[in-house]
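> Sending over a structure as structure tokens; questions will come in a sec.
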Protein chains: 2
Amino acid sequence: MQLLEERIRKDGQIREGNVLKVDSFLNHQIDIDLCNEIGREFRRLFPGDRITKILTIEASGIGIACITAQYFHVPVVFAKKSQSINLDGDMYTAQVESYTHKRTYDVILSRKFLTEKDRVLIVDDFLANGCATAGLVELVHSAGAAVEGIGIVIEKGFQKGGRMLRERGIRVESLAIVEAMEPATGTITFRQQ
Amino acid sequence: MQLLEERIRKDGQIREGNVLKVDSFLNHQIDIDLCNEIGREFRRLFPGDRITKILTIEASGIGIACITAQYFHVPVVFAKKSQSINLDGDMYTAQVESYTHKRTYDVILSRKFLTEKDRVLIVDDFLANGCATAGLVELVHSAGAAVEGIGIVIEKGFQKGGRMLRERGIRVESLAIVEAMEPATGTITFRQQ
């Protein structure tokens, strides 16, 4: 998605340790016009009426999922990262290892909001090692529901997540795939799609 | 907002301890059509071109803020609840006592995304004791920015947050204000607005 790649080149900041900061437009401050173009593109990539629900994970996936859901006319459900006293006991759970935070946490989702009849589009801002996304796939499968596809805004193509998920036969559509990034020069190379 | 009050009566669940669960349409699963009506109503309540940014707090405020921002054509920025290694050191911070989770946490916001020129609409799903919302007000004031108003989806009118903020001269618009709720009968009384 050219608009997105241009924005990453313009406003993304490369940090040591393969960190790409896009907090000025995607995951701390959110450019809603860009977000709308992202939602529109996910819709173009997943046309038809099969998808019944959009699933994401708190926190930075929620805005993208909600804007995207407007193009699908389906509800959003977001997985939570830790047990909350306001949640019922009846939960799907999966363990996720966080690359960013260097720790393991549980993702939880109320059983009420995902059933075996659902066909789910998983949406998130980043795909790197794929741990969070694989956790969401596990939640969908726990419900007996089907993963129709995964829509990612930025994939780090040099990390294993995208390959791992595609090798499992899951359709992964990433709007920008970073093949390489160089902190010293600020150069970003995108995969041709 | 009648549509919202009707939905709360229909799908909200009252639990002991003044807990109102609206996780089937607002803060776990999200009804995007309802969310759009909420955004439209906030826009009606805050017309004009003064607002430059919408501020919320992760996680459940984000979807509402993003949908609402479409009606204001301004960016969203969301405060985070704990230090993340992906955030720069240059942060506004405020301490918040969580009523739901019975603990104190820091809310943080990058200084880059709020300046003294900003006129901010604070948006969140709930207002009860007002601790989280007061924390957001503190972040805005730390930036030297102005709070144009606060837009809340559901206020618990029997808790102190709304009164406390209004007594400070801040305009608080809550789309539904719960005056009383009765777990035994499932009865909810809304404030006439």
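Labels for the structure tokens follow display order: chains A, B, ..., residues from 1 in each chain, ligands from 1.
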Using only C-alpha atoms, find each residue in chain B having at least one atom no more than 8 Å away from chain A; report its shortest atom-to-atom pair and that distance in Å (one decimal), rows by chain then rising number, as a tab-separated table.

residue	atom	partner	partner_atom	distance
B:Val19	CA	A:Asn86	CA	7.6
B:Lys21	CA	A:Asn86	CA	7.2
B:Ser24	CA	A:Phe113	CA	7.4
B:His28	CA	A:Val77	CA	5.7
B:Gln29	CA	A:Val77	CA	4.1
B:Ile30	CA	A:Val76	CA	5.1
B:Asp31	CA	A:Pro75	CA	5.2
B:Ile32	CA	A:Pro75	CA	6.1
B:Asp33	CA	A:Gln70	CA	7.8
B:Glu58	CA	A:Ala59	CA	6.0
B:Ala59	CA	A:Ala59	CA	5.1
B:Ile62	CA	A:Gly63	CA	5.8
B:Gly63	CA	A:Gly63	CA	4.9
B:Cys66	CA	A:Gly63	CA	5.7
B:Ile67	CA	A:Ile67	CA	6.5
B:Ala69	CA	A:Ile32	CA	6.9
B:Gln70	CA	A:Ile32	CA	6.6
B:His73	CA	A:Ile32	CA	7.6
B:Val74	CA	A:Ile32	CA	7.5
B:Pro75	CA	A:Asp31	CA	5.2
B:Val76	CA	A:Ile30	CA	5.1
B:Val77	CA	A:Gln29	CA	4.1
B:Phe78	CA	A:His28	CA	5.8
B:Ala79	CA	A:His28	CA	7.5
B:Ser84	CA	A:His101	CA	7.1
B:Ile85	CA	A:His101	CA	6.8
B:Asn86	CA	A:Lys21	CA	7.2
B:Thr100	CA	A:Ile85	CA	7.1
B:His101	CA	A:Ile85	CA	6.8
B:Phe113	CA	A:Gln29	CA	6.7
> Could you write out the selected residues, including C-alpha atoms, as an mmCIF file, in the first residue's frame?

data_model
loop_
_atom_site.group_PDB
_atom_site.id
_atom_site.type_symbol
_atom_site.label_atom_id
_atom_site.label_comp_id
_atom_site.auth_asym_id
_atom_site.auth_seq_id
_atom_site.Cartn_x
_atom_site.Cartn_y
_atom_site.Cartn_z
ATOM 1 C CA VAL B 19 -20.505 -2.926 38.248
ATOM 2 C CA LYS B 21 -21.177 -4.787 32.281
ATOM 3 C CA SER B 24 -21.355 -7.131 24.559
ATOM 4 C CA HIS B 28 -15.001 -6.045 24.774
ATOM 5 C CA GLN B 29 -17.193 -6.619 21.752
ATOM 6 C CA ILE B 30 -17.923 -3.301 20.014
ATOM 7 C CA ASP B 31 -21.054 -2.523 18.018
ATOM 8 C CA ILE B 32 -19.621 -0.228 15.365
ATOM 9 C CA ASP B 33 -22.995 1.150 14.254
ATOM 10 C CA GLU B 58 -6.159 2.548 26.559
ATOM 11 C CA ALA B 59 -7.821 0.208 26.016
ATOM 12 C CA ILE B 62 -9.606 3.817 21.799
ATOM 13 C CA GLY B 63 -12.337 2.479 19.540
ATOM 14 C CA CYS B 66 -11.220 6.698 16.704
ATOM 15 C CA ILE B 67 -14.782 6.469 15.435
ATOM 16 C CA ALA B 69 -12.470 11.461 15.479
ATOM 17 C CA GLN B 70 -13.892 10.863 12.024
ATOM 18 C CA HIS B 73 -11.261 15.413 11.420
ATOM 19 C CA VAL B 74 -8.553 15.546 14.069
ATOM 20 C CA PRO B 75 -6.014 12.954 15.263
ATOM 21 C CA VAL B 76 -6.559 10.666 18.224
ATOM 22 C CA VAL B 77 -3.909 10.246 20.872
ATOM 23 C CA PHE B 78 -4.248 7.638 23.585
ATOM 24 C CA ALA B 79 -2.526 7.626 26.947
ATOM 25 C CA SER B 84 6.735 0.616 27.371
ATOM 26 C CA ILE B 85 10.252 0.181 26.027
ATOM 27 C CA ASN B 86 9.049 1.469 22.659
ATOM 28 C CA THR B 100 -12.078 -1.540 38.761
ATOM 29 C CA HIS B 101 -8.681 -3.036 39.408
ATOM 30 C CA PHE B 113 1.632 14.611 20.671
#
> Out of chain A, which residues get strand (DSSP E) from DSSP, as number ranges by chain?
A: 13-15, 19-21, 29-30, 53-57, 76-79, 91-98, 103-110, 119-127, 146-156, 172-182, 187-190
> In Å, how far is it from CA of Ala145 (chain B) to CA of Leu121 (chain B)?
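CA of Ala145 (chain B) sits 10.8 Å away from CA of Leu121 (chain B).
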> Please identify all polymer residues within 7 Å of Ala180 (chain B), counting only C-alpha atoms, omitting same-chain residues fewer than 3 positions from it, and present them as an MDAnalysis selection string.
chainID B and resid 158 188:189
> Using N, CA, C and O atoms, can you export the residues from the last selection as a PDB file, in the first residue's frame?

ATOM      1  N   PHE B 158     -24.086   8.298  40.423  1.00  0.00           N
ATOM      2  CA  PHE B 158     -24.075   8.133  41.882  1.00  0.00           C
ATOM      3  C   PHE B 158     -22.652   8.049  42.416  1.00  0.00           C
ATOM      4  O   PHE B 158     -22.459   7.894  43.613  1.00  0.00           O
ATOM      5  N   ILE B 188     -32.472  -0.210  35.917  1.00  0.00           N
ATOM      6  CA  ILE B 188     -31.540   0.906  35.768  1.00  0.00           C
ATOM      7  C   ILE B 188     -32.341   2.199  35.659  1.00  0.00           C
ATOM      8  O   ILE B 188     -33.284   2.284  34.873  1.00  0.00           O
ATOM      9  N   THR B 189     -31.967   3.194  36.459  1.00  0.00           N
ATOM     10  CA  THR B 189     -32.605   4.511  36.365  1.00  0.00           C
ATOM     11  C   THR B 189     -31.597   5.496  35.786  1.00  0.00           C
ATOM     12  O   THR B 189     -30.480   5.619  36.285  1.00  0.00           O
TER      13      THR B 189
END
> Among chain A, which residues carry a DSSP assignment of alpha helix (DSSP H), reported as a short mmCIF file (atom, residue, chain, number, x, y, z; two decimals) with N, CA and C atoms, in the first residue's frame?

data_model
loop_
_atom_site.label_atom_id
_atom_site.label_comp_id
_atom_site.auth_asym_id
_atom_site.auth_seq_id
_atom_site.Cartn_x
_atom_site.Cartn_y
_atom_site.Cartn_z
N GLN A 2 0.90 1.91 -1.12
CA GLN A 2 1.90 2.95 -1.36
C GLN A 2 1.79 4.11 -0.35
N LEU A 3 0.56 4.54 -0.08
CA LEU A 3 0.35 5.64 0.87
C LEU A 3 0.98 5.32 2.22
N LEU A 4 0.82 4.07 2.65
CA LEU A 4 1.35 3.64 3.94
C LEU A 4 2.88 3.58 3.91
N GLU A 5 3.43 3.00 2.83
CA GLU A 5 4.90 2.92 2.74
C GLU A 5 5.52 4.32 2.74
N GLU A 6 4.88 5.23 2.03
CA GLU A 6 5.39 6.61 2.02
C GLU A 6 5.35 7.23 3.41
N ARG A 7 4.28 6.95 4.14
CA ARG A 7 4.15 7.52 5.48
C ARG A 7 5.19 6.93 6.44
N ILE A 8 5.44 5.62 6.30
CA ILE A 8 6.46 4.98 7.14
C ILE A 8 7.83 5.58 6.85
N ARG A 9 8.15 5.77 5.56
CA ARG A 9 9.43 6.39 5.20
C ARG A 9 9.54 7.80 5.77
N LYS A 10 8.42 8.53 5.73
CA LYS A 10 8.44 9.94 6.14
C LYS A 10 8.48 10.08 7.67
N ASP A 11 7.63 9.33 8.36
CA ASP A 11 7.45 9.56 9.80
C ASP A 11 7.88 8.40 10.70
N ILE A 32 -6.45 9.39 11.59
CA ILE A 32 -7.70 8.69 11.27
C ILE A 32 -7.93 8.60 9.76
N ASP A 33 -7.47 9.59 9.01
CA ASP A 33 -7.62 9.51 7.55
C ASP A 33 -6.82 8.34 6.99
N LEU A 34 -5.58 8.20 7.48
CA LEU A 34 -4.76 7.05 7.05
C LEU A 34 -5.42 5.75 7.49
N CYS A 35 -5.93 5.75 8.70
CA CYS A 35 -6.58 4.56 9.26
C CYS A 35 -7.77 4.15 8.38
N ASN A 36 -8.49 5.14 7.88
CA ASN A 36 -9.60 4.85 6.98
C ASN A 36 -9.12 4.22 5.67
N GLU A 37 -8.01 4.71 5.16
CA GLU A 37 -7.47 4.10 3.94
C GLU A 37 -7.02 2.66 4.20
N ILE A 38 -6.49 2.42 5.38
CA ILE A 38 -6.10 1.06 5.78
C ILE A 38 -7.34 0.15 5.84
N GLY A 39 -8.39 0.65 6.45
CA GLY A 39 -9.63 -0.13 6.53
C GLY A 39 -10.20 -0.45 5.15
N ARG A 40 -10.17 0.56 4.30
CA ARG A 40 -10.67 0.40 2.93
C ARG A 40 -9.85 -0.66 2.18
N GLU A 41 -8.54 -0.66 2.38
CA GLU A 41 -7.66 -1.62 1.70
C GLU A 41 -7.90 -3.04 2.22
N PHE A 42 -8.10 -3.19 3.52
CA PHE A 42 -8.42 -4.53 4.05
C PHE A 42 -9.72 -5.04 3.42
N ARG A 43 -10.68 -4.14 3.25
CA ARG A 43 -11.94 -4.54 2.63
C ARG A 43 -11.73 -4.99 1.19
N ARG A 44 -10.87 -4.26 0.46
CA ARG A 44 -10.59 -4.61 -0.92
C ARG A 44 -9.94 -6.01 -0.99
N LEU A 45 -9.07 -6.29 -0.01
CA LEU A 45 -8.35 -7.56 0.00
C LEU A 45 -9.22 -8.72 0.47
N GLY A 61 -4.25 -2.37 18.38
CA GLY A 61 -5.05 -2.92 17.30
C GLY A 61 -6.48 -2.39 17.26
N ILE A 62 -6.94 -1.86 18.38
CA ILE A 62 -8.38 -1.57 18.52
C ILE A 62 -8.86 -0.48 17.56
N GLY A 63 -8.10 0.59 17.46
CA GLY A 63 -8.51 1.68 16.57
C GLY A 63 -8.59 1.23 15.12
N ILE A 64 -7.57 0.51 14.69
CA ILE A 64 -7.54 0.01 13.31
C ILE A 64 -8.71 -0.94 13.07
N ALA A 65 -8.95 -1.82 14.03
CA ALA A 65 -10.05 -2.79 13.89
C ALA A 65 -11.40 -2.09 13.80
N CYS A 66 -11.60 -1.06 14.63
CA CYS A 66 -12.90 -0.37 14.64
C CYS A 66 -13.14 0.39 13.34
N ILE A 67 -12.12 1.09 12.87
CA ILE A 67 -12.27 1.81 11.60
C ILE A 67 -12.49 0.80 10.46
N THR A 68 -11.74 -0.29 10.47
CA THR A 68 -11.88 -1.33 9.44
C THR A 68 -13.28 -1.94 9.47
N ALA A 69 -13.81 -2.17 10.65
CA ALA A 69 -15.12 -2.84 10.79
C ALA A 69 -16.23 -2.08 10.10
N GLN A 70 -16.06 -0.77 9.97
CA GLN A 70 -17.09 0.03 9.28
C GLN A 70 -17.25 -0.41 7.83
N TYR A 71 -16.17 -0.94 7.24
CA TYR A 71 -16.23 -1.36 5.84
C TYR A 71 -16.78 -2.77 5.69
N PHE A 72 -16.83 -3.51 6.81
CA PHE A 72 -17.32 -4.89 6.78
C PHE A 72 -18.72 -5.03 7.39
N CYS A 131 3.93 -13.93 17.66
CA CYS A 131 3.42 -14.56 18.89
C CYS A 131 2.02 -14.06 19.23
N ALA A 132 1.80 -12.76 19.18
CA ALA A 132 0.48 -12.22 19.50
C ALA A 132 -0.55 -12.71 18.48
N THR A 133 -0.18 -12.67 17.20
CA THR A 133 -1.12 -13.09 16.15
C THR A 133 -1.44 -14.57 16.28
N ALA A 134 -0.43 -15.39 16.57
CA ALA A 134 -0.68 -16.83 16.75
C ALA A 134 -1.59 -17.06 17.95
N GLY A 135 -1.46 -16.22 18.97
CA GLY A 135 -2.35 -16.30 20.13
C GLY A 135 -3.80 -16.04 19.73
N LEU A 136 -4.00 -15.05 18.85
CA LEU A 136 -5.36 -14.75 18.38
C LEU A 136 -5.91 -15.91 17.55
N VAL A 137 -5.06 -16.50 16.70
CA VAL A 137 -5.49 -17.67 15.91
C VAL A 137 -5.93 -18.79 16.85
N GLU A 138 -5.16 -18.99 17.92
CA GLU A 138 -5.49 -20.03 18.90
C GLU A 138 -6.85 -19.76 19.55
N LEU A 139 -7.12 -18.50 19.87
CA LEU A 139 -8.42 -18.14 20.45
C LEU A 139 -9.56 -18.49 19.49
N VAL A 140 -9.36 -18.15 18.21
CA VAL A 140 -10.40 -18.44 17.20
C VAL A 140 -10.64 -19.95 17.11
N HIS A 141 -9.56 -20.71 17.08
CA HIS A 141 -9.69 -22.17 16.98
C HIS A 141 -10.31 -22.76 18.25
N SER A 142 -10.00 -22.17 19.40
CA SER A 142 -10.62 -22.62 20.65
C SER A 142 -12.14 -22.51 20.59
N GLY A 161 7.28 -14.33 11.87
CA GLY A 161 5.83 -14.46 12.06
C GLY A 161 5.04 -14.69 10.78
N GLY A 162 5.29 -13.87 9.77
CA GLY A 162 4.53 -13.98 8.52
C GLY A 162 4.72 -15.33 7.86
N ARG A 163 5.97 -15.78 7.80
CA ARG A 163 6.26 -17.07 7.15
C ARG A 163 5.58 -18.21 7.92
N MET A 164 5.71 -18.15 9.24
CA MET A 164 5.13 -19.21 10.09
C MET A 164 3.62 -19.34 9.87
N LEU A 165 2.92 -18.18 9.82
CA LEU A 165 1.47 -18.22 9.67
C LEU A 165 1.07 -18.65 8.27
N ARG A 166 1.79 -18.16 7.24
CA ARG A 166 1.46 -18.54 5.86
C ARG A 166 1.73 -20.02 5.63
N GLU A 167 2.78 -20.56 6.26
CA GLU A 167 3.08 -21.99 6.11
C GLU A 167 1.99 -22.86 6.74
#
> Find the spatial neighbours of Thr93 (chain A), counting only C-alpha atoms, within a cut-off of 8 Å - ignore same-chain residues fewer than 2 positions away - and output them as a VMD selection string.
chain A and resid 91 95 106 to 109 139
> Restricting it to N, CA, C and O atoms, dump the selection as a compact mmCIF listing (two decimals), in the first residue's frame.

# COMPACT_ATOMS: atom_id res chain seq x y z
N MET A 91 -13.91 -17.90 29.68
CA MET A 91 -12.97 -17.25 28.77
C MET A 91 -12.21 -18.27 27.90
O MET A 91 -11.87 -19.34 28.38
N GLN A 95 -1.52 -18.23 25.61
CA GLN A 95 -0.30 -17.60 26.12
C GLN A 95 0.47 -16.95 24.98
O GLN A 95 0.62 -17.53 23.90
N ASP A 106 -1.02 -13.67 29.25
CA ASP A 106 -2.20 -14.37 28.73
C ASP A 106 -3.06 -13.42 27.91
O ASP A 106 -3.22 -12.26 28.28
N VAL A 107 -3.59 -13.90 26.80
CA VAL A 107 -4.65 -13.15 26.12
C VAL A 107 -5.96 -13.88 26.37
O VAL A 107 -6.01 -15.11 26.35
N ILE A 108 -6.99 -13.11 26.65
CA ILE A 108 -8.27 -13.71 27.03
C ILE A 108 -9.40 -13.09 26.22
O ILE A 108 -9.32 -11.94 25.79
N LEU A 109 -10.40 -13.89 26.00
CA LEU A 109 -11.54 -13.47 25.19
C LEU A 109 -12.78 -14.17 25.73
O LEU A 109 -12.77 -15.38 25.93
N LEU A 139 -7.12 -18.50 19.87
CA LEU A 139 -8.42 -18.14 20.45
C LEU A 139 -9.56 -18.49 19.49
O LEU A 139 -10.58 -19.03 19.90
> Between A:Glu182, A:Glu173, A:Glu97, A:Glu155, which has the minimum distance to Ile122 (chain A) (counting only C-alpha atoms)?
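For Ile122 (chain A), the nearest of the candidates is A:Glu173.
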> Given the choices B:Met1, B:Gly130, B:Gln193, B:Val120, which gets closest to Val153 (chain B) if the distance is worked out from only C-alpha atoms?
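Checking each of B:Met1, B:Gly130, B:Gln193, B:Val120 against Val153 (chain B), counting only C-alpha atoms, the winner is B:Met1.
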> State, in Å with one decimal place, the distance from CA of Val147 (chain A) to CA of Thr52 (chain A).
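Going from CA of Val147 (chain A) over to CA of Thr52 (chain A) covers 10.5 Å.
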